[in-house]
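> What follows is a single structure, and I will ask about it in a moment.
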Amino acid sequence: MAELALLEARQLAKRLELDYYQALIAIALIDTLGPQERFDEANTWLVEATALRDNLEGIDRDRVEAELKRAAGELQVAMTRASVRSAEVLKTICRVYEDARFPFEDLKPDLAYQVAQSVGAESLFVIGRCGGGYRVPLTYNIAANEAKEIVRQMDRGPRKNTLLGVTGEPKVLQTPKGKTLVAVPCRHEETDRRDPTSYILCTRFEELVTVTPRQLELLGASAEALARLIEDEEERSGKPVGENDEATIRVRHPRGSFKDIQTIDPDMIKVIRMAERAATSVAPILLEGETGVGKELFARAIHGASHRKDGAFVAVNAGGLSVHLVESELFGHVKGSFTGANGDRVGLIETARGGTLFLDEIGEMSEELQVKLLRLLENGEFRRLGESAVRQADVRVISATNRDLKKEVERGTFRRDLFYRVSPIRLTIPPLRLRTRDIQLLVRHFLRDCAALNGIADRYIEIDVKAMEGLELYDWPGNVRELYNEILRVVSLIGRGDLVKFAMLSDNIKEYLKSKNRGDGLLDRSVEQYERRLILNALDKNDWNRMRTADSVGVPRTTLLAKLKRLNVATK
């Protein structure tokens with residue numbers, strides 16, 4: 001890796017006191033880190049290169065001056081682009097919430113994550129006063145109680161460090177544990193209908209850092225956007241948004257609702273938009289997608305948004321119906337029509353009268369059933385088994401399949417005329433592996449639901465970074481259904497703990513990740529490169545004193561020496 005080679009080259013140049021080469025290496029590091037958007041580190045090297053330039057004389061200084069000017073310009077362009085992109089990501093998420101009216105509670109984790117990532121923060125929280133205490137409506141990588149304690153400690157200090165006394169401009173503070181905390185008021189207008197200090201956005205960084213104007217600009221914009229969403233949610237729900245809401249069970253609409261579909265994926269949102277428009281039509285709808293993507297959830301949402309929402313929603317597994325029972329199950333029968341028919345029976349089509357008939361896995365339907373369904377869709381007519389009278393159906397048909405029906409038509413296993421009847425409107429639901437950004441949102445949503453099912457709704461179950469990364473890297477052949485079952489299993493076995501760890505995940509997930517890693521060793525190499533870079537930076541900050549370096553990274557000296565040997569880092 002180029003970065004590691006440069007760090008080792010700098011180590012040699014520093015020992016030989018070759019300031020000119022140290023300066024060029026620092027500039028090369030700026031060029032390396034800038035495209036990776038590691039701007040804080042790149043800026044550190046920019047400062048070092050500038051200081052080294054001031055110690056140079058003659059032609060060497062001129063060349064370094066020119067290179068430094070070029071690198072600084074390119075770094076500024078990269079930072080500007082990243083700033084615009086980060087701001088657009090946040091705006092997009094906020095727009096998704098406002099347009100689609102998704103529950104703010106389920107978007108909170110992703111909103112907080114995006115803001116923290118955009119500025120490189122270790123953790124983030126939004127806090128406000130609530131009576132004599134505090135309210136924490138939004139957190140990332142920090143417990144609400146820990147956030148409250150930070151604010152309490154700040155409030156006990158001098159007035160200049162009182163966190164909730166911040167008004168107008170952002171404030172950079174130092175926490176009692178020596179970390180950098182940036183506090184940004186969520187409202188700047190003194191005439192706002194709320195107290196301008198009612199909410200403060202706080203971002204905490206790993207160590208004492210220099211907060212850049214870009215970071216402050218992003219945090220200011222984020223604070224405004226988050227405050228607006230929090231206030232809108234409070235007006236909608238009629239109650240304050242706070243950390244206690246994490247344990248609230250969200251009651252789903254019995255008819256189904258598009259709000260039940262958890263997503264921030266652009267492609268999934270497009271499908272929802274089309275489904276919302278199609279819901280008010282009378283045309284049959286075909287839902288396509290792999291097993292477990294949520295086709296029935298879509299069908300119920302379409303029914304709930306349709307003019308037939310007051311009617312019944314009847315779901316039928318078309319592939320699971322026996323040919324011999326099809327007329328009885330779907331169309332009903334009259335007494336004496338066959339052995340065992342001891343009375344009249346109303347079929348599912350009549351049960352769904354005035355409502356929606358959902359035919360799941362229609363691609364597995366037998367040929368005989370296809371013929372009978374075609375007649376129903378063509379003229380709305382059907383007969384009960386053993387009855388000559390023709391009845392008129394009053395249902396809207398929504399079908400679903402995990403197969404490619406066009407290919408089934410070409411193979412001759414699915415009737416072409418029926419395909420056109422069931423698919424005037426076709427909606428394809430993307431698999432979970434193509435919308436990985438939804439995984440974190442779904443995981444946190446399922447954690448709450450599964451906690452409630454297990455009778456522990458009063459506890460907020462968090463998931464650690466490694467476990468979340470494992471879930472995001474897995475390919476989820478069973479899609480959302482498999483993810484839900486995984487979370488239900490973990491929560492059911494978690495005992496009295498409140499943190500899901502990587503070791504708790506199913507063996508098939510761990511084996512999958514292990515097999516992927518075994519193929520090319522990328523994960524191992526990435527970890528090794530990160531560890532090597534961390535140790536080199538720590539050695540440099542401590543003037544290559546191994547004892548101080550061991551203390552700074554929090555490991556015994558013997559452990560550090562072993563790592564130096566394994567990573568082939570020379571210190572003599």
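Please note that chains go A, B, ... in the order of the structure tokens, that every chain numbers its residues from 1, and that ligands are numbered from 1 in the order shown.
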Which polymer residues have any atom within 9 Å of an atom of stretch 378-387 of chain A, counting only C-alpha atoms, with same-chain residues fewer than 4 positions away left out, as a PyMOL selection string?
chain A and resi 327-328+330-338+345-347+349+372-374+391-395+421
> Write out the residues from the selection above, keeping N, CA and C atoms, as a PDB file, in the first residue's frame.

ATOM      1  N   GLU A 327     -61.128 -25.950  -6.822  1.00  0.00           N
ATOM      2  CA  GLU A 327     -62.471 -25.388  -6.978  1.00  0.00           C
ATOM      3  C   GLU A 327     -63.128 -25.169  -5.624  1.00  0.00           C
ATOM      4  N   SER A 328     -62.893 -26.099  -4.722  1.00  0.00           N
ATOM      5  CA  SER A 328     -63.492 -25.972  -3.396  1.00  0.00           C
ATOM      6  C   SER A 328     -62.887 -24.810  -2.627  1.00  0.00           C
ATOM      7  N   LEU A 330     -60.946 -22.097  -3.778  1.00  0.00           N
ATOM      8  CA  LEU A 330     -61.095 -20.770  -4.382  1.00  0.00           C
ATOM      9  C   LEU A 330     -62.548 -20.410  -4.676  1.00  0.00           C
ATOM     10  N   PHE A 331     -63.271 -21.364  -5.261  1.00  0.00           N
ATOM     11  CA  PHE A 331     -64.611 -21.046  -5.767  1.00  0.00           C
ATOM     12  C   PHE A 331     -65.733 -21.488  -4.844  1.00  0.00           C
ATOM     13  N   GLY A 332     -65.417 -22.364  -3.863  1.00  0.00           N
ATOM     14  CA  GLY A 332     -66.441 -22.848  -2.950  1.00  0.00           C
ATOM     15  C   GLY A 332     -67.179 -24.055  -3.517  1.00  0.00           C
ATOM     16  N   HIS A 333     -68.087 -24.639  -2.718  1.00  0.00           N
ATOM     17  CA  HIS A 333     -68.865 -25.782  -3.197  1.00  0.00           C
ATOM     18  C   HIS A 333     -70.225 -25.794  -2.508  1.00  0.00           C
ATOM     19  N   VAL A 334     -71.111 -26.625  -3.070  1.00  0.00           N
ATOM     20  CA  VAL A 334     -72.438 -26.780  -2.469  1.00  0.00           C
ATOM     21  C   VAL A 334     -72.529 -28.167  -1.851  1.00  0.00           C
ATOM     22  N   LYS A 335     -73.469 -28.356  -0.970  1.00  0.00           N
ATOM     23  CA  LYS A 335     -73.654 -29.615  -0.264  1.00  0.00           C
ATOM     24  C   LYS A 335     -73.867 -30.764  -1.244  1.00  0.00           C
ATOM     25  N   GLY A 336     -73.124 -31.846  -1.029  1.00  0.00           N
ATOM     26  CA  GLY A 336     -73.292 -33.032  -1.843  1.00  0.00           C
ATOM     27  C   GLY A 336     -72.524 -33.027  -3.141  1.00  0.00           C
ATOM     28  N   SER A 337     -71.722 -31.989  -3.399  1.00  0.00           N
ATOM     29  CA  SER A 337     -71.001 -31.916  -4.680  1.00  0.00           C
ATOM     30  C   SER A 337     -69.886 -32.950  -4.775  1.00  0.00           C
ATOM     31  N   PHE A 338     -69.416 -33.451  -3.651  1.00  0.00           N
ATOM     32  CA  PHE A 338     -68.425 -34.527  -3.637  1.00  0.00           C
ATOM     33  C   PHE A 338     -68.477 -35.182  -2.258  1.00  0.00           C
ATOM     34  N   ARG A 345     -70.110 -24.312   1.115  1.00  0.00           N
ATOM     35  CA  ARG A 345     -68.885 -23.641   1.573  1.00  0.00           C
ATOM     36  C   ARG A 345     -68.592 -22.443   0.685  1.00  0.00           C
ATOM     37  N   VAL A 346     -68.335 -21.320   1.300  1.00  0.00           N
ATOM     38  CA  VAL A 346     -67.981 -20.104   0.562  1.00  0.00           C
ATOM     39  C   VAL A 346     -66.492 -20.152   0.229  1.00  0.00           C
ATOM     40  N   GLY A 347     -66.156 -19.933  -1.028  1.00  0.00           N
ATOM     41  CA  GLY A 347     -64.759 -19.946  -1.453  1.00  0.00           C
ATOM     42  C   GLY A 347     -64.049 -18.638  -1.124  1.00  0.00           C
ATOM     43  N   ILE A 349     -62.711 -16.512  -3.082  1.00  0.00           N
ATOM     44  CA  ILE A 349     -63.074 -15.384  -3.956  1.00  0.00           C
ATOM     45  C   ILE A 349     -64.265 -14.635  -3.368  1.00  0.00           C
ATOM     46  N   LYS A 372     -58.684 -21.715 -14.933  1.00  0.00           N
ATOM     47  CA  LYS A 372     -59.812 -21.214 -14.145  1.00  0.00           C
ATOM     48  C   LYS A 372     -59.581 -19.747 -13.729  1.00  0.00           C
ATOM     49  N   LEU A 373     -58.324 -19.398 -13.410  1.00  0.00           N
ATOM     50  CA  LEU A 373     -58.031 -18.020 -13.029  1.00  0.00           C
ATOM     51  C   LEU A 373     -58.180 -17.090 -14.218  1.00  0.00           C
ATOM     52  N   LEU A 374     -57.797 -17.577 -15.409  1.00  0.00           N
ATOM     53  CA  LEU A 374     -57.922 -16.754 -16.614  1.00  0.00           C
ATOM     54  C   LEU A 374     -59.378 -16.360 -16.846  1.00  0.00           C
ATOM     55  N   ARG A 391     -71.668 -17.098 -10.877  1.00  0.00           N
ATOM     56  CA  ARG A 391     -71.570 -16.000  -9.915  1.00  0.00           C
ATOM     57  C   ARG A 391     -70.586 -14.948 -10.435  1.00  0.00           C
ATOM     58  N   GLN A 392     -70.783 -13.733  -9.974  1.00  0.00           N
ATOM     59  CA  GLN A 392     -69.925 -12.628 -10.393  1.00  0.00           C
ATOM     60  C   GLN A 392     -68.984 -12.257  -9.243  1.00  0.00           C
ATOM     61  N   ALA A 393     -67.708 -12.263  -9.550  1.00  0.00           N
ATOM     62  CA  ALA A 393     -66.715 -11.912  -8.532  1.00  0.00           C
ATOM     63  C   ALA A 393     -66.563 -10.405  -8.414  1.00  0.00           C
ATOM     64  N   ASP A 394     -66.216  -9.956  -7.233  1.00  0.00           N
ATOM     65  CA  ASP A 394     -65.940  -8.522  -7.008  1.00  0.00           C
ATOM     66  C   ASP A 394     -64.644  -8.417  -6.197  1.00  0.00           C
ATOM     67  N   VAL A 395     -63.546  -8.700  -6.875  1.00  0.00           N
ATOM     68  CA  VAL A 395     -62.247  -8.652  -6.199  1.00  0.00           C
ATOM     69  C   VAL A 395     -61.220  -7.968  -7.101  1.00  0.00           C
ATOM     70  N   ARG A 421     -52.870 -10.975 -18.460  1.00  0.00           N
ATOM     71  CA  ARG A 421     -54.008 -10.621 -17.612  1.00  0.00           C
ATOM     72  C   ARG A 421     -53.567 -10.219 -16.201  1.00  0.00           C
TER      73      ARG A 421
END
> Show me, as a list in words, the residues that have an atom within 10 Å of A:Ala352 when counting only C-alpha atoms, minus same-chain residues fewer than 2 positions from it.
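With the cut-off at 10 Å, the set is Gly311, Ala312, Phe313, Val314, Ala315, Gly347, Leu348, Ile349, Glu350, Gly354, Gly355, Thr356, Leu357, Phe358, Ala393, Asp394, Val395, Arg396 and Val397 of chain A.
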> Store the residues of this selection in a file with C-alpha atoms, as a JSON list (two decimals), in the first residue's frame.

[["chain", "number", "residue", "atom", "x", "y", "z"],
["A", 311, "GLY", "CA", -62.99, -4.90, 2.21],
["A", 312, "ALA", "CA", -61.13, -8.07, 3.14],
["A", 313, "PHE", "CA", -57.55, -8.87, 2.17],
["A", 314, "VAL", "CA", -57.35, -12.60, 1.41],
["A", 315, "ALA", "CA", -53.91, -14.13, 0.82],
["A", 347, "GLY", "CA", -64.76, -19.95, -1.45],
["A", 348, "LEU", "CA", -61.92, -17.48, -1.02],
["A", 349, "ILE", "CA", -63.07, -15.38, -3.96],
["A", 350, "GLU", "CA", -66.38, -14.70, -2.23],
["A", 354, "GLY", "CA", -65.29, -6.00, -2.19],
["A", 355, "GLY", "CA", -61.64, -6.41, -1.27],
["A", 356, "THR", "CA", -58.37, -7.85, -2.56],
["A", 357, "LEU", "CA", -57.36, -11.39, -3.49],
["A", 358, "PHE", "CA", -53.60, -11.87, -3.17],
["A", 393, "ALA", "CA", -66.71, -11.91, -8.53],
["A", 394, "ASP", "CA", -65.94, -8.52, -7.01],
["A", 395, "VAL", "CA", -62.25, -8.65, -6.20],
["A", 396, "ARG", "CA", -59.05, -6.88, -7.16],
["A", 397, "VAL", "CA", -56.33, -9.44, -7.92]]
> Enumerate as a count of residues only all residues of stretch 311-541 of chain A assigned to alpha helix (DSSP H) by DSSP on the backbone, naming them with the chain letters and numbers the document uses.
107
> Give the strand (DSSP E or B) residues of stretch 301-503 of chain A, as assigned by DSSP on the backbone, as a VMD selection string.
chain A and resid 313 to 317 332 to 333 345 to 346 355 to 360 381 to 382 385 391 to 392 395 to 401 425 to 428 462 to 463 499 to 500
> Could those residues be written to a file, using C-alpha atoms, as a tab-separated table (two decimals), in the first residue's frame?

chain	number	residue	atom	x	y	z
A	313	PHE	CA	-57.55	-8.87	2.17
A	314	VAL	CA	-57.35	-12.60	1.41
A	315	ALA	CA	-53.91	-14.13	0.82
A	316	VAL	CA	-53.60	-17.45	-1.00
A	317	ASN	CA	-50.47	-19.48	-1.72
A	332	GLY	CA	-66.44	-22.85	-2.95
A	333	HIS	CA	-68.87	-25.78	-3.20
A	345	ARG	CA	-68.89	-23.64	1.57
A	346	VAL	CA	-67.98	-20.10	0.56
A	355	GLY	CA	-61.64	-6.41	-1.27
A	356	THR	CA	-58.37	-7.85	-2.56
A	357	LEU	CA	-57.36	-11.39	-3.49
A	358	PHE	CA	-53.60	-11.87	-3.17
A	359	LEU	CA	-52.26	-14.87	-5.12
A	360	ASP	CA	-48.76	-15.58	-3.87
A	381	GLU	CA	-67.29	-15.10	-13.57
A	382	PHE	CA	-66.97	-18.28	-11.51
A	385	LEU	CA	-68.31	-26.69	-7.35
A	391	ARG	CA	-71.57	-16.00	-9.91
A	392	GLN	CA	-69.92	-12.63	-10.39
A	395	VAL	CA	-62.25	-8.65	-6.20
A	396	ARG	CA	-59.05	-6.88	-7.16
A	397	VAL	CA	-56.33	-9.44	-7.92
A	398	ILE	CA	-52.73	-8.87	-6.89
A	399	SER	CA	-50.28	-11.62	-7.83
A	400	ALA	CA	-46.73	-12.30	-6.73
A	401	THR	CA	-43.93	-14.50	-8.02
A	425	ILE	CA	-48.88	-3.28	-13.78
A	426	ARG	CA	-45.57	-4.97	-12.88
A	427	LEU	CA	-43.55	-3.95	-9.85
A	428	THR	CA	-40.12	-5.50	-9.21
A	462	GLU	CA	-27.84	-1.90	20.58
A	463	ILE	CA	-25.59	-3.68	18.08
A	499	LEU	CA	-25.54	-5.37	23.09
A	500	VAL	CA	-25.54	-7.67	20.06
> For A:Thr280, list every protein, DNA or RNA residue within 7 Å, evaluated using only C-alpha atoms, and leave out those in the same chain fewer than 6 positions away; present the list as a ChimeraX atom specification.
/A:305-307
> Produce a file of the selected residues containing C-alpha atoms, as a PDB file, in the first residue's frame.

ATOM      1  CA  ALA A 305     -54.208   2.557   0.035  1.00  0.00           C
ATOM      2  CA  SER A 306     -56.878   1.404  -2.437  1.00  0.00           C
ATOM      3  CA  HIS A 307     -60.590   2.162  -2.721  1.00  0.00           C
TER       4      HIS A 307
END
> In Å, with one decimal, what is the gap from atom CA of A:Leu483 to atom CA of A:Ser123?
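Interatomic distance here is 25.9 Å.
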> Can you work out the spacing between atom CA of A:Phe446 and atom CA of A:Glu235 in Å, to one decimal?
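Between these atoms lies a distance of 25.4 Å.
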> From the options A:Ala221, A:Asp19, A:Gly343, A:Val409, which residue's atoms come nearest to A:Glu57, counting only C-alpha atoms?
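Checking each candidate against A:Glu57, we get A:Asp19 as the closest.
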> Choose the residue, out of A:Met79, A:Ala341, A:Val491, A:Val136, that has the smallest atom-to-atom separation from A:Gln215; count only C-alpha atoms.
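The answer is A:Met79, which sits nearest to A:Gln215.
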> Which is closer to A:Ser492 than all the others in A:Ile456, A:Glu8, A:Arg53, A:Thr549, using only C-alpha atoms?
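Smallest separation from A:Ser492 among the options: A:Ile456.
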> Calculate how many Å separate atom CA of A:Ile439 from atom CA of A:Met468, rounding to one decimal.
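Atom-to-atom, atom CA of A:Ile439 and atom CA of A:Met468 are spaced 8.5 Å apart.
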> Just want the 7 Å neighbourhood of A:Lys171, counted on only C-alpha atoms, with same-chain residues fewer than 6 positions away dropped. Output as an mmCIF file with N, CA and C atoms, in the first residue's frame.

data_model
loop_
_atom_site.group_PDB
_atom_site.id
_atom_site.type_symbol
_atom_site.label_atom_id
_atom_site.label_comp_id
_atom_site.auth_asym_id
_atom_site.auth_seq_id
_atom_site.Cartn_x
_atom_site.Cartn_y
_atom_site.Cartn_z
ATOM 1 N N VAL A 182 -17.997 19.146 19.688
ATOM 2 C CA VAL A 182 -18.492 20.311 18.963
ATOM 3 C C VAL A 182 -19.991 20.419 19.208
ATOM 4 N N ALA A 183 -20.435 21.537 19.771
ATOM 5 C CA ALA A 183 -21.844 21.760 20.075
ATOM 6 C C ALA A 183 -22.404 22.796 19.110
ATOM 7 N N VAL A 184 -23.494 22.423 18.422
ATOM 8 C CA VAL A 184 -24.093 23.310 17.423
ATOM 9 C C VAL A 184 -25.562 23.497 17.763
#
